[in-house]
>>> print(open('coords-v6.cif').read())   # mmCIF, C-alpha atoms
data_run
loop_
_atom_site.group_PDB
_atom_site.id
_atom_site.type_symbol
_atom_site.label_atom_id
_atom_site.label_comp_id
_atom_site.auth_asym_id
_atom_site.auth_seq_id
_atom_site.Cartn_x
_atom_site.Cartn_y
_atom_site.Cartn_z
ATOM 1 C CA MET V 1 0.000 0.000 0.000
ATOM 2 C CA ASN V 2 2.720 2.402 -0.941
ATOM 3 C CA TRP V 3 0.502 4.547 -3.110
ATOM 4 C CA ILE V 4 -1.742 5.463 -0.190
ATOM 5 C CA ASN V 5 1.103 7.487 1.274
ATOM 6 C CA SER V 6 1.578 9.554 -1.842
ATOM 7 C CA PHE V 7 -2.136 10.291 -2.152
ATOM 8 C CA SER V 8 -2.688 13.799 -0.885
ATOM 9 C CA ALA V 9 -5.076 16.704 -1.179
ATOM 10 C CA THR V 10 -2.992 18.107 -4.023
ATOM 11 C CA THR V 11 -3.598 14.949 -6.034
ATOM 12 C CA LEU V 12 -7.332 15.131 -5.437
ATOM 13 C CA ILE V 13 -7.537 18.827 -6.354
ATOM 14 C CA PHE V 14 -5.420 18.293 -9.462
ATOM 15 C CA TYR V 15 -7.610 15.489 -10.751
ATOM 16 C CA LEU V 16 -10.753 17.499 -9.991
ATOM 17 C CA LEU V 17 -9.483 20.576 -11.861
ATOM 18 C CA ALA V 18 -8.107 18.485 -14.712
ATOM 19 C CA ALA V 19 -11.462 16.717 -15.060
ATOM 20 C CA ILE V 20 -13.281 20.069 -15.164
ATOM 21 C CA SER V 21 -10.895 21.493 -17.770
ATOM 22 C CA VAL V 22 -10.789 18.451 -20.013
ATOM 23 C CA GLY V 23 -14.509 17.739 -19.758
ATOM 24 C CA CYS V 24 -15.431 21.316 -20.581
ATOM 25 C CA ALA V 25 -12.908 21.439 -23.443
ATOM 26 C CA LEU V 26 -14.368 18.284 -24.969
ATOM 27 C CA SER V 27 -17.821 19.786 -24.497
ATOM 28 C CA VAL V 28 -16.687 22.874 -26.425
ATOM 29 C CA ALA V 29 -15.591 20.602 -29.246
ATOM 30 C CA PHE V 30 -18.666 18.377 -29.365
ATOM 31 C CA SER V 31 -21.666 20.355 -28.127
ATOM 32 C CA THR V 32 -24.362 20.932 -30.710
ATOM 33 C CA ASN V 33 -25.553 24.231 -29.232
ATOM 34 C CA ILE V 34 -23.158 27.143 -29.525
ATOM 35 C CA LEU V 35 -24.395 28.720 -26.302
ATOM 36 C CA HIS V 36 -23.533 25.503 -24.469
ATOM 37 C CA SER V 37 -20.113 25.618 -26.136
ATOM 38 C CA ALA V 38 -19.571 29.155 -24.865
ATOM 39 C CA PHE V 39 -20.480 28.249 -21.283
ATOM 40 C CA ALA V 40 -18.327 25.113 -21.490
ATOM 41 C CA LEU V 41 -15.425 27.332 -22.574
ATOM 42 C CA LEU V 42 -16.085 29.373 -19.429
ATOM 43 C CA GLY V 43 -15.693 26.207 -17.359
ATOM 44 C CA ALA V 44 -12.535 25.160 -19.190
ATOM 45 C CA LEU V 45 -10.884 28.554 -18.662
ATOM 46 C CA SER V 46 -11.852 28.536 -14.976
ATOM 47 C CA GLY V 47 -10.415 25.044 -14.590
ATOM 48 C CA VAL V 48 -7.137 26.134 -16.174
ATOM 49 C CA ALA V 49 -7.072 29.124 -13.799
ATOM 50 C CA GLY V 50 -7.424 26.667 -10.915
ATOM 51 C CA LEU V 51 -4.495 24.674 -12.302
ATOM 52 C CA TYR V 52 -2.462 27.900 -12.337
ATOM 53 C CA PHE V 53 -3.272 28.392 -8.648
ATOM 54 C CA LEU V 54 -2.197 24.819 -7.999
ATOM 55 C CA LEU V 55 1.085 25.483 -9.813
ATOM 56 C CA GLY V 56 1.814 28.442 -7.560
ATOM 57 C CA ALA V 57 1.317 31.072 -10.267
ATOM 58 C CA ASP V 58 -1.088 33.236 -8.305
ATOM 59 C CA PHE V 59 -0.812 36.438 -10.342
ATOM 60 C CA VAL V 60 -1.235 34.706 -13.696
ATOM 61 C CA ALA V 61 -4.238 32.827 -12.321
ATOM 62 C CA VAL V 62 -5.921 36.030 -11.213
ATOM 63 C CA VAL V 63 -5.141 37.662 -14.567
ATOM 64 C CA GLN V 64 -6.605 34.616 -16.304
ATOM 65 C CA LEU V 65 -9.796 34.942 -14.266
ATOM 66 C CA LEU V 66 -10.055 38.693 -14.876
ATOM 67 C CA VAL V 67 -9.102 38.839 -18.552
ATOM 68 C CA TYR V 68 -10.345 35.514 -19.900
ATOM 69 C CA VAL V 69 -13.345 34.725 -17.758
ATOM 70 C CA GLY V 70 -14.316 38.350 -17.208
ATOM 71 C CA GLY V 71 -13.401 39.906 -20.534
ATOM 72 C CA ILE V 72 -13.024 37.495 -23.420
ATOM 73 C CA MET V 73 -15.930 35.309 -22.364
ATOM 74 C CA VAL V 74 -18.249 38.326 -22.198
ATOM 75 C CA LEU V 75 -17.060 39.346 -25.681
ATOM 76 C CA ILE V 76 -17.689 35.851 -27.028
ATOM 77 C CA LEU V 77 -21.130 35.679 -25.421
ATOM 78 C CA PHE V 78 -21.996 39.064 -26.929
ATOM 79 C CA ALA V 79 -20.845 37.867 -30.352
ATOM 80 C CA VAL V 80 -22.855 34.662 -29.974
ATOM 81 C CA LEU V 81 -25.997 36.550 -29.007
ATOM 82 C CA LEU V 82 -25.586 39.309 -31.620
ATOM 83 C CA THR V 83 -25.279 36.892 -34.519
ATOM 84 C CA ARG V 84 -28.536 35.530 -35.814
ATOM 85 C CA GLU V 85 -29.896 32.024 -36.127
ATOM 86 C CA ILE V 86 -28.741 31.343 -32.608
ATOM 87 C CA SER V 87 -31.893 29.557 -31.621
ATOM 88 C CA ASP V 88 -31.635 27.162 -34.518
ATOM 89 C CA ILE V 89 -29.352 24.472 -33.145
ATOM 90 C CA LYS V 90 -28.815 22.731 -36.447
ATOM 91 C CA ILE V 91 -27.533 25.910 -38.096
ATOM 92 C CA SER V 92 -25.786 27.665 -35.248
ATOM 93 C CA ASN V 93 -23.131 25.118 -34.353
ATOM 94 C CA VAL V 94 -22.920 22.537 -37.069
ATOM 95 C CA SER V 95 -19.830 20.335 -37.228
ATOM 96 C CA VAL V 96 -18.412 19.230 -40.548
ATOM 97 C CA SER V 97 -16.053 16.410 -41.367
ATOM 98 C CA LEU V 98 -15.930 14.946 -37.888
ATOM 99 C CA LEU V 99 -15.163 11.686 -39.649
ATOM 100 C CA ALA V 100 -11.844 13.113 -40.818
ATOM 101 C CA GLY V 101 -11.240 15.335 -37.811
ATOM 102 C CA LEU V 102 -11.574 12.773 -35.038
ATOM 103 C CA PRO V 103 -8.961 10.267 -36.292
ATOM 104 C CA THR V 104 -6.550 13.123 -37.011
ATOM 105 C CA ALA V 105 -7.029 14.486 -33.494
ATOM 106 C CA PHE V 106 -6.539 11.062 -31.926
ATOM 107 C CA ILE V 107 -3.373 10.442 -33.936
ATOM 108 C CA LEU V 108 -2.011 13.835 -32.903
ATOM 109 C CA LEU V 109 -2.845 13.165 -29.251
ATOM 110 C CA ALA V 110 -1.169 9.760 -29.387
ATOM 111 C CA LEU V 111 1.888 11.364 -30.988
ATOM 112 C CA ILE V 112 2.153 14.033 -28.283
ATOM 113 C CA LEU V 113 1.722 11.475 -25.497
ATOM 114 C CA GLN V 114 4.358 9.243 -27.079
ATOM 115 C CA ILE V 115 6.770 12.187 -27.241
ATOM 116 C CA LEU V 116 6.049 12.973 -23.578
ATOM 117 C CA ARG V 117 6.693 9.345 -22.619
ATOM 118 C CA LYS V 118 9.995 9.199 -24.462
ATOM 119 C CA SER V 119 11.383 12.574 -23.423
ATOM 120 C CA HIS V 120 12.952 13.312 -20.081
ATOM 121 C CA PHE V 121 12.910 16.731 -18.470
ATOM 122 C CA PRO V 122 15.331 17.591 -15.646
ATOM 123 C CA THR V 123 12.753 18.466 -13.020
ATOM 124 C CA THR V 124 13.617 20.432 -9.939
ATOM 125 C CA ILE V 125 10.647 21.534 -7.906
ATOM 126 C CA ALA V 126 10.846 25.225 -7.185
ATOM 127 C CA VAL V 127 10.022 26.694 -3.821
ATOM 128 C CA SER V 128 6.594 28.262 -3.933
ATOM 129 C CA THR V 129 6.777 31.911 -3.031
ATOM 130 C CA THR V 130 4.626 34.830 -4.030
ATOM 131 C CA THR V 131 5.329 35.604 -7.646
ATOM 132 C CA VAL V 132 4.020 39.153 -7.954
ATOM 133 C CA HIS V 133 7.253 40.802 -6.823
ATOM 134 C CA ARG V 134 9.507 38.723 -9.072
ATOM 135 C CA LEU V 135 7.088 39.015 -11.987
ATOM 136 C CA GLY V 136 6.951 42.802 -11.772
ATOM 137 C CA ASP V 137 10.718 42.911 -11.536
ATOM 138 C CA ALA V 138 11.089 40.729 -14.629
ATOM 139 C CA LEU V 139 8.483 42.668 -16.624
ATOM 140 C CA LEU V 140 10.157 46.011 -16.023
ATOM 141 C CA ARG V 141 13.733 44.765 -16.368
ATOM 142 C CA GLU V 142 14.314 41.744 -18.613
ATOM 143 C CA TYR V 143 11.061 41.941 -20.557
ATOM 144 C CA LEU V 144 10.746 45.701 -20.801
ATOM 145 C CA LEU V 145 10.740 45.774 -24.610
ATOM 146 C CA PRO V 146 8.034 43.087 -25.003
ATOM 147 C CA PHE V 147 6.072 44.851 -22.274
ATOM 148 C CA GLU V 148 6.127 48.152 -24.166
ATOM 149 C CA ILE V 149 5.353 46.448 -27.478
ATOM 150 C CA ALA V 150 2.417 44.747 -25.777
ATOM 151 C CA SER V 151 1.028 48.069 -24.626
ATOM 152 C CA VAL V 152 1.353 49.475 -28.154
ATOM 153 C CA VAL V 153 -0.435 46.354 -29.473
ATOM 154 C CA LEU V 154 -3.263 46.939 -27.005
ATOM 155 C CA LEU V 155 -3.598 50.559 -28.133
ATOM 156 C CA ILE V 156 -3.703 49.512 -31.803
ATOM 157 C CA VAL V 157 -6.303 46.868 -30.977
ATOM 158 C CA LEU V 158 -8.427 49.460 -29.197
ATOM 159 C CA VAL V 159 -8.405 51.763 -32.224
ATOM 160 C CA GLY V 160 -8.670 48.920 -34.759
ATOM 161 C CA ALA V 161 -11.710 47.292 -33.183
ATOM 162 C CA MET V 162 -13.444 50.663 -33.089
ATOM 163 C CA VAL V 163 -12.632 51.396 -36.737
ATOM 164 C CA ILE V 164 -13.775 47.976 -37.951
ATOM 165 C CA SER V 165 -17.086 48.006 -36.128
ATOM 166 C CA ARG V 166 -17.751 51.710 -36.745
ATOM 167 C CA ARG V 167 -17.497 51.359 -40.515
ATOM 168 C CA ALA V 168 -20.162 48.674 -40.441
ATOM 169 C CA VAL V 169 -22.465 50.850 -38.336
ATOM 170 C CA LYS V 170 -21.919 53.831 -40.656
ATOM 171 C CA GLU V 171 -22.808 51.813 -43.754
ATOM 172 C CA GLU V 172 -25.939 50.557 -42.087
ATOM 173 C CA ILE V 173 -27.074 54.047 -41.111
ATOM 174 C CA GLY V 174 -26.337 55.264 -44.662
ATOM 175 C CA ALA V 175 -28.421 52.420 -46.091
ATOM 176 C CA ASP V 176 -31.259 53.257 -43.736
ATOM 177 C CA GLN V 177 -31.242 56.922 -44.724
ATOM 178 C CA GLN V 178 -31.381 56.072 -48.430
ATOM 179 C CA ASN V 179 -34.698 54.259 -48.089
ATOM 180 C CA PRO V 180 -36.631 55.988 -45.347
ATOM 181 C CA GLU V 181 -39.493 53.496 -45.680
ATOM 182 C CA GLY V 182 -37.309 50.954 -43.886
ATOM 183 C CA GLN V 183 -38.792 49.220 -40.927
ATOM 184 C CA GLU V 184 -36.560 50.656 -38.263
ATOM 185 C CA VAL V 185 -33.473 52.826 -37.943
ATOM 186 C CA ARG V 186 -30.999 51.256 -35.631
ATOM 187 C CA ARG V 187 -28.852 53.517 -33.447
ATOM 188 C CA MET C 1 0.808 3.492 -8.878
ATOM 189 C CA ASN C 2 3.123 6.010 -7.299
ATOM 190 C CA GLN C 3 3.503 7.821 -10.609
ATOM 191 C CA ILE C 4 -0.225 8.275 -10.935
ATOM 192 C CA PHE C 5 -0.771 9.781 -7.511
ATOM 193 C CA THR C 6 2.294 12.002 -7.239
ATOM 194 C CA ILE C 7 1.502 14.975 -9.447
ATOM 195 C CA GLY C 8 4.457 15.836 -11.635
ATOM 196 C CA LEU C 9 5.256 17.736 -14.783
ATOM 197 C CA ASN C 10 3.877 15.061 -17.087
ATOM 198 C CA HIS C 11 0.383 15.270 -15.581
ATOM 199 C CA TYR C 12 0.087 18.921 -16.515
ATOM 200 C CA LEU C 13 1.567 18.288 -19.961
ATOM 201 C CA VAL C 14 -1.015 15.569 -20.626
ATOM 202 C CA VAL C 15 -3.853 17.902 -19.607
ATOM 203 C CA ALA C 16 -2.430 20.605 -21.874
ATOM 204 C CA ALA C 17 -2.134 18.123 -24.741
ATOM 205 C CA ILE C 18 -5.794 17.129 -24.383
ATOM 206 C CA LEU C 19 -6.844 20.794 -24.280
ATOM 207 C CA PHE C 20 -4.783 21.447 -27.415
ATOM 208 C CA VAL C 21 -6.311 18.553 -29.318
ATOM 209 C CA ALA C 22 -9.843 19.605 -28.274
ATOM 210 C CA GLY C 23 -9.138 23.152 -29.486
ATOM 211 C CA LEU C 24 -7.701 21.887 -32.759
ATOM 212 C CA LEU C 25 -10.741 19.687 -33.291
ATOM 213 C CA THR C 26 -13.002 22.673 -32.655
ATOM 214 C CA VAL C 27 -11.091 24.818 -35.155
ATOM 215 C CA ALA C 28 -11.056 22.069 -37.767
ATOM 216 C CA THR C 29 -14.678 20.975 -37.620
ATOM 217 C CA ARG C 30 -16.784 24.023 -36.751
ATOM 218 C CA ARG C 31 -18.439 26.180 -39.375
ATOM 219 C CA ASN C 32 -19.475 29.039 -37.086
ATOM 220 C CA ALA C 33 -16.772 31.728 -36.937
ATOM 221 C CA VAL C 34 -17.348 32.396 -33.224
ATOM 222 C CA ALA C 35 -16.943 28.688 -32.437
ATOM 223 C CA ILE C 36 -13.648 28.652 -34.345
ATOM 224 C CA LEU C 37 -12.496 31.520 -32.121
ATOM 225 C CA MET C 38 -13.345 29.448 -29.041
ATOM 226 C CA GLY C 39 -11.070 26.695 -30.351
ATOM 227 C CA VAL C 40 -8.246 29.189 -30.793
ATOM 228 C CA GLU C 41 -8.705 30.315 -27.185
ATOM 229 C CA LEU C 42 -8.424 26.684 -26.032
ATOM 230 C CA ILE C 43 -5.190 26.213 -27.995
ATOM 231 C CA LEU C 44 -3.664 29.388 -26.531
ATOM 232 C CA ASN C 45 -4.661 28.261 -23.035
ATOM 233 C CA SER C 46 -2.962 24.898 -23.461
ATOM 234 C CA ALA C 47 0.278 26.616 -24.534
ATOM 235 C CA SER C 48 0.037 28.913 -21.529
ATOM 236 C CA LEU C 49 -0.499 25.959 -19.195
ATOM 237 C CA ASN C 50 2.620 24.324 -20.637
ATOM 238 C CA PHE C 51 4.668 27.455 -19.995
ATOM 239 C CA ILE C 52 3.590 27.676 -16.363
ATOM 240 C CA ALA C 53 4.093 23.951 -15.729
ATOM 241 C CA PHE C 54 7.634 24.139 -17.100
ATOM 242 C CA SER C 55 8.354 27.285 -15.100
ATOM 243 C CA LYS C 56 7.337 25.460 -11.924
ATOM 244 C CA PHE C 57 8.958 22.097 -12.489
ATOM 245 C CA VAL C 58 12.039 22.622 -14.626
ATOM 246 C CA GLN C 59 13.828 25.773 -13.595
ATOM 247 C CA GLY C 60 11.746 27.685 -11.134
ATOM 248 C CA GLN C 61 12.372 30.851 -13.082
ATOM 249 C CA ILE C 62 9.774 33.518 -13.584
ATOM 250 C CA ALA C 63 10.169 33.563 -17.394
ATOM 251 C CA GLY C 64 7.403 31.050 -18.007
ATOM 252 C CA GLN C 65 4.877 33.124 -16.108
ATOM 253 C CA ALA C 66 5.916 36.288 -17.954
ATOM 254 C CA PHE C 67 5.412 34.524 -21.283
ATOM 255 C CA SER C 68 2.070 33.273 -20.067
ATOM 256 C CA LEU C 69 1.018 36.834 -19.282
ATOM 257 C CA PHE C 70 1.970 37.897 -22.807
ATOM 258 C CA ILE C 71 -0.032 34.984 -24.226
ATOM 259 C CA ILE C 72 -3.112 36.081 -22.264
ATOM 260 C CA LEU C 73 -2.641 39.651 -23.491
ATOM 261 C CA LEU C 74 -2.308 38.641 -27.130
ATOM 262 C CA ALA C 75 -5.309 36.319 -26.804
ATOM 263 C CA ALA C 76 -7.370 39.232 -25.530
ATOM 264 C CA ALA C 77 -6.218 41.424 -28.426
ATOM 265 C CA GLU C 78 -6.918 38.654 -30.937
ATOM 266 C CA ALA C 79 -10.384 37.978 -29.552
ATOM 267 C CA CYS C 80 -11.266 41.694 -29.610
ATOM 268 C CA ILE C 81 -10.249 42.215 -33.258
ATOM 269 C CA ALA C 82 -11.621 38.897 -34.446
ATOM 270 C CA LEU C 83 -15.027 39.470 -32.872
ATOM 271 C CA ALA C 84 -15.182 42.957 -34.404
ATOM 272 C CA ILE C 85 -14.467 41.355 -37.786
ATOM 273 C CA VAL C 86 -17.105 38.685 -37.140
ATOM 274 C CA LEU C 87 -19.680 41.382 -36.366
ATOM 275 C CA ALA C 88 -18.715 43.308 -39.524
ATOM 276 C CA ILE C 89 -19.060 40.108 -41.570
ATOM 277 C CA PHE C 90 -22.434 39.462 -39.981
ATOM 278 C CA ARG C 91 -23.675 42.950 -40.901
ATOM 279 C CA ASN C 92 -22.611 42.452 -44.516
ATOM 280 C CA PHE C 93 -23.599 38.840 -45.098
ATOM 281 C CA LYS C 94 -26.236 38.326 -42.364
ATOM 282 C CA ASN C 95 -24.368 35.113 -41.592
ATOM 283 C CA VAL C 96 -21.226 33.898 -39.838
ATOM 284 C CA ASP C 97 -21.076 30.484 -41.490
ATOM 285 C CA THR C 98 -17.545 30.223 -42.875
ATOM 286 C CA TYR C 99 -18.792 28.072 -45.742
ATOM 287 C CA LYS C 100 -21.114 30.798 -46.970
ATOM 288 C CA THR C 101 -19.044 33.928 -46.354
ATOM 289 C CA THR C 102 -16.307 33.109 -48.832
ATOM 290 C CA LEU C 103 -16.189 36.429 -50.689
ATOM 291 C CA LEU C 104 -14.090 39.392 -49.607
ATOM 292 C CA ARG C 105 -16.618 41.800 -51.125
ATOM 293 C CA GLU C 106 -20.382 42.015 -50.958
#
>>> encode(input="coords-v6.cif", output="structure tokens")
Amino acid sequence: MNWINSFSATTLIFYLLAAISVGCALSVAFSTNILHSAFALLGALSGVAGLYFLLGADFVAVVQLLVYVGGIMVLILFAVLLTREISDIKISNVSVSLLAGLPTAFILLALILQILRKSHFPTTIAVSTTTVHRLGDALLREYLLPFEIASVVLLIVLVGAMVISRRAVKEEIGADQQNPEGQEVRR
Amino acid sequence: MNQIFTIGLNHYLVVAAILFVAGLLTVATRRNAVAILMGVELILNSASLNFIAFSKFVQGQIAGQAFSLFIILLAAAEACIALAIVLAIFRNFKNVDTYKTTLLRE
């Protein structure tokens, strides 16, 4: 009964979080309703955030919860609800060529697992300390250039998203003004 | 048995591999543009999980977490732009099925 000794709370929590992540990810891939897919993605991202906590990466886990679960998921849900034919399950989330996709995915998974089995990584378990201090130090010292580039990317994204969606709104308003007998004028 | 119950690097890598394959399957088989985006988010998350697992188990350096932060940032940027494009496509074509919206003009 040697394995009883190595069974700990960490093991239990890991398997719980891994089951949540993997189950939700598979549900994203196979669900027939796109709204269910979106909520399953929410579960998968939350599960991965829990795995980050388990790995001792507290800051990244909180950022994952804030940015992914709070931001990106809301964006995706908005996009799902703004696009039409959402209630029609057959149209909204149809899967094509699962017959070709599934064997390819299984072969790829088997390949990755085989590589993992054959390769050996020199593991040394790090001491878990709070990472915020070291992370801030690294971001403003070693990774200063990527940090600045990232902020420029965010600014460009802010402007770009506005430009892309504004042009569409403008065209729609122009089309509505050309035929005033239209049903409704949006915005 | 001991290998199964002592959580090591390989456990996290296997979870990340499954997440990656699920994301790839979503990207490859879905026809809805928003669903394809969800698959891309899954793939990015699996890469991020790999980075953090390696940063914990192999060197204990902070580099993996910094890269993971950049991945999250770029995923947010990508999702923002891509969803704006999806909405623009929807206004033009009244559809987000990638099999039907194959033209770059109206």
>>> atom_distance(input="coords-v6.cif", atom1="atom CA of Ser21 of chain V", atom2="atom CA of Gly136 of chain V")
28.4 Å
>>> closest_residue(input="coords-v6.cif", among="C:Val58, C:Leu44, C:Tyr99, C:Val86", to="chain V", atoms="only C-alpha atoms")
C:Val58
>>> closest_atom_pairs(input="coords-v6.cif", of="chain C", to="chain V", cutoff="7 Å", atoms="all atoms listed in the file", output="JSON lines")
{"residue": "C:Met1", "atom": "CA", "partner": "V:Trp3", "partner_atom": "CA", "distance": 5.9}
{"residue": "C:Asn2", "atom": "CA", "partner": "V:Trp3", "partner_atom": "CA", "distance": 5.2}
{"residue": "C:Phe5", "atom": "CA", "partner": "V:Phe7", "partner_atom": "CA", "distance": 5.6}
{"residue": "C:Thr6", "atom": "CA", "partner": "V:Ser6", "partner_atom": "CA", "distance": 6.0}
{"residue": "C:Ile7", "atom": "CA", "partner": "V:Thr11", "partner_atom": "CA", "distance": 6.1}
{"residue": "C:Val14", "atom": "CA", "partner": "V:Leu113", "partner_atom": "CA", "distance": 6.9}
{"residue": "C:Val15", "atom": "CA", "partner": "V:Ala18", "partner_atom": "CA", "distance": 6.5}
{"residue": "C:Ala17", "atom": "CA", "partner": "V:Leu109", "partner_atom": "CA", "distance": 6.7}
{"residue": "C:Ile18", "atom": "CA", "partner": "V:Val22", "partner_atom": "CA", "distance": 6.8}
{"residue": "C:Leu19", "atom": "CA", "partner": "V:Ala25", "partner_atom": "CA", "distance": 6.2}
{"residue": "C:Val21", "atom": "CA", "partner": "V:Ala105", "partner_atom": "CA", "distance": 5.9}
{"residue": "C:Ala22", "atom": "CA", "partner": "V:Leu26", "partner_atom": "CA", "distance": 5.8}
{"residue": "C:Gly23", "atom": "CA", "partner": "V:Ala29", "partner_atom": "CA", "distance": 6.9}
{"residue": "C:Leu25", "atom": "CA", "partner": "V:Gly101", "partner_atom": "CA", "distance": 6.3}
{"residue": "C:Thr26", "atom": "CA", "partner": "V:Ala29", "partner_atom": "CA", "distance": 4.8}
{"residue": "C:Ala28", "atom": "CA", "partner": "V:Gly101", "partner_atom": "CA", "distance": 6.7}
{"residue": "C:Thr29", "atom": "CA", "partner": "V:Val96", "partner_atom": "CA", "distance": 5.1}
{"residue": "C:Arg30", "atom": "CA", "partner": "V:Ser95", "partner_atom": "CA", "distance": 4.8}
{"residue": "C:Arg31", "atom": "CA", "partner": "V:Val94", "partner_atom": "CA", "distance": 6.2}
{"residue": "C:Asn32", "atom": "CA", "partner": "V:Asn93", "partner_atom": "CA", "distance": 6.0}
{"residue": "C:Val34", "atom": "CA", "partner": "V:Val80", "partner_atom": "CA", "distance": 6.8}
{"residue": "C:Ala53", "atom": "CA", "partner": "V:Leu55", "partner_atom": "CA", "distance": 6.8}
{"residue": "C:Lys56", "atom": "CA", "partner": "V:Ala126", "partner_atom": "CA", "distance": 5.9}
{"residue": "C:Phe57", "atom": "CA", "partner": "V:Ile125", "partner_atom": "CA", "distance": 4.9}
{"residue": "C:Val58", "atom": "CA", "partner": "V:Thr123", "partner_atom": "CA", "distance": 4.5}
{"residue": "C:Gln59", "atom": "CA", "partner": "V:Thr124", "partner_atom": "CA", "distance": 6.5}
{"residue": "C:Gly60", "atom": "CA", "partner": "V:Ala126", "partner_atom": "CA", "distance": 4.7}
{"residue": "C:Ile62", "atom": "CA", "partner": "V:Leu135", "partner_atom": "CA", "distance": 6.3}
{"residue": "C:Gln65", "atom": "CA", "partner": "V:Val60", "partner_atom": "CA", "distance": 6.8}
{"residue": "C:Ala66", "atom": "CA", "partner": "V:Leu135", "partner_atom": "CA", "distance": 6.7}
{"residue": "C:Leu69", "atom": "CA", "partner": "V:Val60", "partner_atom": "CA", "distance": 6.4}
{"residue": "C:Ala76", "atom": "CA", "partner": "V:Ile72", "partner_atom": "CA", "distance": 6.3}
{"residue": "C:Ala77", "atom": "CA", "partner": "V:Val157", "partner_atom": "CA", "distance": 6.0}
{"residue": "C:Ala79", "atom": "CA", "partner": "V:Ile72", "partner_atom": "CA", "distance": 6.7}
{"residue": "C:Cys80", "atom": "CA", "partner": "V:Ala161", "partner_atom": "CA", "distance": 6.7}
{"residue": "C:Ile81", "atom": "CA", "partner": "V:Ala161", "partner_atom": "CA", "distance": 5.3}
{"residue": "C:Leu83", "atom": "CA", "partner": "V:Ala79", "partner_atom": "CA", "distance": 6.5}
{"residue": "C:Ala84", "atom": "CA", "partner": "V:Ser165", "partner_atom": "CA", "distance": 5.7}
{"residue": "C:Ile85", "atom": "CA", "partner": "V:Ile164", "partner_atom": "CA", "distance": 6.7}
{"residue": "C:Ala88", "atom": "CA", "partner": "V:Ala168", "partner_atom": "CA", "distance": 5.6}
{"residue": "C:Phe90", "atom": "CA", "partner": "V:Thr83", "partner_atom": "CA", "distance": 6.7}
{"residue": "C:Arg91", "atom": "CA", "partner": "V:Ala168", "partner_atom": "CA", "distance": 6.7}
>>> atom_distance(input="coords-v6.cif", atom1="atom CA of Phe51 of chain C", atom2="atom CA of Tyr12 of chain C")
10.3 Å
>>> closest_residue(input="coords-v6.cif", among="C:Ile43, C:Leu9, C:Ala63, C:Leu24", to="Arg141 of chain V", atoms="all atoms listed in the file")
C:Ala63
>>> atom_distance(input="coords-v6.cif", atom1="atom CA of Val152 of chain V", atom2="atom CA of Asn50 of chain C")
26.3 Å
>>> closest_residue(input="coords-v6.cif", among="C:Leu103, C:Leu74, C:Leu49, C:Met38", to="Ile89 of chain C", atoms="only C-alpha atoms")
C:Leu103
